[in-house]
Amino acid sequence: MPASPEPAAQTPAPDAAAGSAAPDATAPDASAARTPAARPAGRIPDPSAPVHLAVALQDAGWHPAAWREPGARPRELFDARYWVDAVREAERGLLDFVTFEDSLALQSDDPLRPDDRTDRVRGRLDAVLTAARVAPLTARVGLVPTLVTTHTEPFHLSKAIATLDYASTGRAGLRVQVAAQPHVAAHFGRRTIPSFSFEDLERPGVRELVADLFEEAADYVEVVRRLWDSWEDDAEIRDAATGRFIDRDKLHYIDFEGARFSVRGPSITPRPPQGQPPVAALAHAAVPYRLVARAADIGFTTPQDAERAAAIVAEIRAGQEEAGRAGETVHVFGDLVVFLDEDAAAARARRDRLDALLDAPYTSDARIFTGTPAELADLLLELRAAGLTGFRLRPADADHDLKAITRGLVPELQARGVFRRSYEAATLRGLLGLPRPANRYATASA
């Protein structure tokens, strides 16, 4: 049986709440001085290729006080219409996909521990179910929910994403995330995770714990990928005359044995329309960079400038070569939080107004941009020259900044000839330039 690629996973919850900061990240404004980009090692993207754009949807926006803005809709955050409207706006702007944030804990200012704040958005809808509700009401934009691998079962997740791929006619993706918080483990009672801080990541014991969580996530996604392939594409016969609905010889056991679980298969859901919905992961450091290089279709990264972007890309491309994937397309996206207005002073004033509602100015694991669509376009093209192939933008205000992206930034990029003017494909893999992969079991039995 041919082996499949090993999966990527996420660094331990640095983005679990707006306002958190990853251990390797600071948050300079776009006006900060930038170091000229270094040339990345490995494959360099075609500078004439279009920019890929996605948005990360979270609550009322990524700024913790966004729910208090006049145009916010806090009473509708648990209403399907709110999310349908947001995704339709992203589709109006021809974006590649949207991601839906999720976790197994309430949002917290400290991503590793709960808090008791009552002045922040708390509570959220399930990301997969939200995406499934949105799917039939949209037509082209990709839908990528976040799922935690640490305490859930890969069999359940595989059929959930396969079902979303059917509901969206080939537009589903999957963003994997690990959960390293003790209070999350307490929801399930199957294991104990000790409390630690980001400063402890290199401490013996913590380093091994994090590595184990990543290895578990890798096994998890390997199972998911095998289950997606456990039905061959033509396994369904549906021949009423002969009474044969499926060809049982084209359903396959996956027989996975790992440290945390064993799964026999096959799936109960036929192979997804895309074959393999794209897998994404947020990566801040060496371990998740290697995992992106080994298996992911998309890596979300948080460089603060072009020099750092080039270094991240070089590390991932080198990892691709080491993993035997040098010829494969692996997208490396840059994440940015955006405050976007036609006038830069207005964007700064809006950020200052929101910050005044907090105990301290908002910070993020990702770079924070404050300015105009033209200035943001300049920055994105500078970062693309460093090797990034796309960007996942985090709207500080889910209403204002999402519209500023679709109605301000997108036309600016189109005018520069670097963004699509219509959707060129009907599936998420197609939009990302990823071919539909062969089924590993069909190849084995051919």
# chains A, B, ... in the order shown; residues from 1 in each chain; ligands from 1
>>> closest_atom_pairs(of="stretch 406-426 of chain A", to="stretch 365-377 of chain A", cutoff="10 Å", atoms="only C-alpha atoms", output="CSV")
residue,atom,partner,partner_atom,distance
A:Arg407,CA,A:Pro373,CA,9.3
A:Gly408,CA,A:Pro373,CA,5.6
A:Leu409,CA,A:Pro373,CA,4.6
A:Val410,CA,A:Pro373,CA,8.3
A:Pro411,CA,A:Pro373,CA,8.9
A:Glu412,CA,A:Ala374,CA,6.3
A:Leu413,CA,A:Ala377,CA,6.4
A:Arg416,CA,A:Ala377,CA,9.0
A:Val418,CA,A:Ala377,CA,9.9
>>> write_last_selection(atoms="N, CA and C atoms", output="PDB file, in the first residue's frame")
ATOM      1  N   ARG A 407     -13.633  45.552  -1.278  1.00  0.00           N
ATOM      2  CA  ARG A 407     -14.031  46.681  -2.110  1.00  0.00           C
ATOM      3  C   ARG A 407     -12.937  47.727  -2.265  1.00  0.00           C
ATOM      4  N   GLY A 408     -11.850  47.568  -1.505  1.00  0.00           N
ATOM      5  CA  GLY A 408     -10.738  48.509  -1.623  1.00  0.00           C
ATOM      6  C   GLY A 408      -9.460  47.836  -2.054  1.00  0.00           C
ATOM      7  N   LEU A 409      -9.009  46.842  -1.303  1.00  0.00           N
ATOM      8  CA  LEU A 409      -7.762  46.151  -1.635  1.00  0.00           C
ATOM      9  C   LEU A 409      -7.874  45.360  -2.926  1.00  0.00           C
ATOM     10  N   VAL A 410      -8.954  44.596  -3.094  1.00  0.00           N
ATOM     11  CA  VAL A 410      -9.078  43.764  -4.292  1.00  0.00           C
ATOM     12  C   VAL A 410      -9.042  44.601  -5.569  1.00  0.00           C
ATOM     13  N   PRO A 411      -9.818  45.683  -5.699  1.00  0.00           N
ATOM     14  CA  PRO A 411      -9.695  46.506  -6.906  1.00  0.00           C
ATOM     15  C   PRO A 411      -8.288  47.070  -7.106  1.00  0.00           C
ATOM     16  N   GLU A 412      -7.605  47.393  -6.001  1.00  0.00           N
ATOM     17  CA  GLU A 412      -6.238  47.903  -6.113  1.00  0.00           C
ATOM     18  C   GLU A 412      -5.318  46.833  -6.693  1.00  0.00           C
ATOM     19  N   LEU A 413      -5.427  45.609  -6.215  1.00  0.00           N
ATOM     20  CA  LEU A 413      -4.598  44.519  -6.737  1.00  0.00           C
ATOM     21  C   LEU A 413      -4.979  44.180  -8.179  1.00  0.00           C
ATOM     22  N   ARG A 416      -3.400  46.466 -10.556  1.00  0.00           N
ATOM     23  CA  ARG A 416      -1.976  46.182 -10.727  1.00  0.00           C
ATOM     24  C   ARG A 416      -1.739  44.866 -11.469  1.00  0.00           C
ATOM     25  N   VAL A 418      -2.478  41.742 -10.529  1.00  0.00           N
ATOM     26  CA  VAL A 418      -1.977  40.625  -9.730  1.00  0.00           C
ATOM     27  C   VAL A 418      -3.092  39.875  -9.005  1.00  0.00           C
TER      28      VAL A 418
END
>>> residues_around(residues="stretch 349-351 of chain A", least_positions_apart="6", cutoff="12 Å", atoms="only C-alpha atoms", output="PyMOL selection string")
chain A and resi 29+62-66+69-70+337-341+343+357-358+361-363+368-371+395-397+400-401
>>> select_by_dssp(residues="stretch 261-444 of chain A", states="helix (DSSP H, G or I)", output="PyMOL selection string")
chain A and resi 286-295+306-322+344-355+373-385+400-415+428-431+440-444
>>> closest_residue(among="A:Leu106, A:Val287, A:Ala167, A:Ala295", to="A:Gly142", atoms="only C-alpha atoms")
A:Ala167
>>> residues_around(residues="stretch 226-238 of chain A", least_positions_apart="4", cutoff="10 Å", atoms="only C-alpha atoms", output="ChimeraX atom specification")
/A:3-5,154-155,158-159,161-162,221-222,242-256,263-277,437-443
>>> select_by_dssp(residues="stretch 116-240 of chain A", states="strand (DSSP E)", output="JSON, numbers by chain")
{"A": [142, 143, 144, 145, 146, 147, 148, 174, 175, 176, 177, 236, 237, 238, 239]}
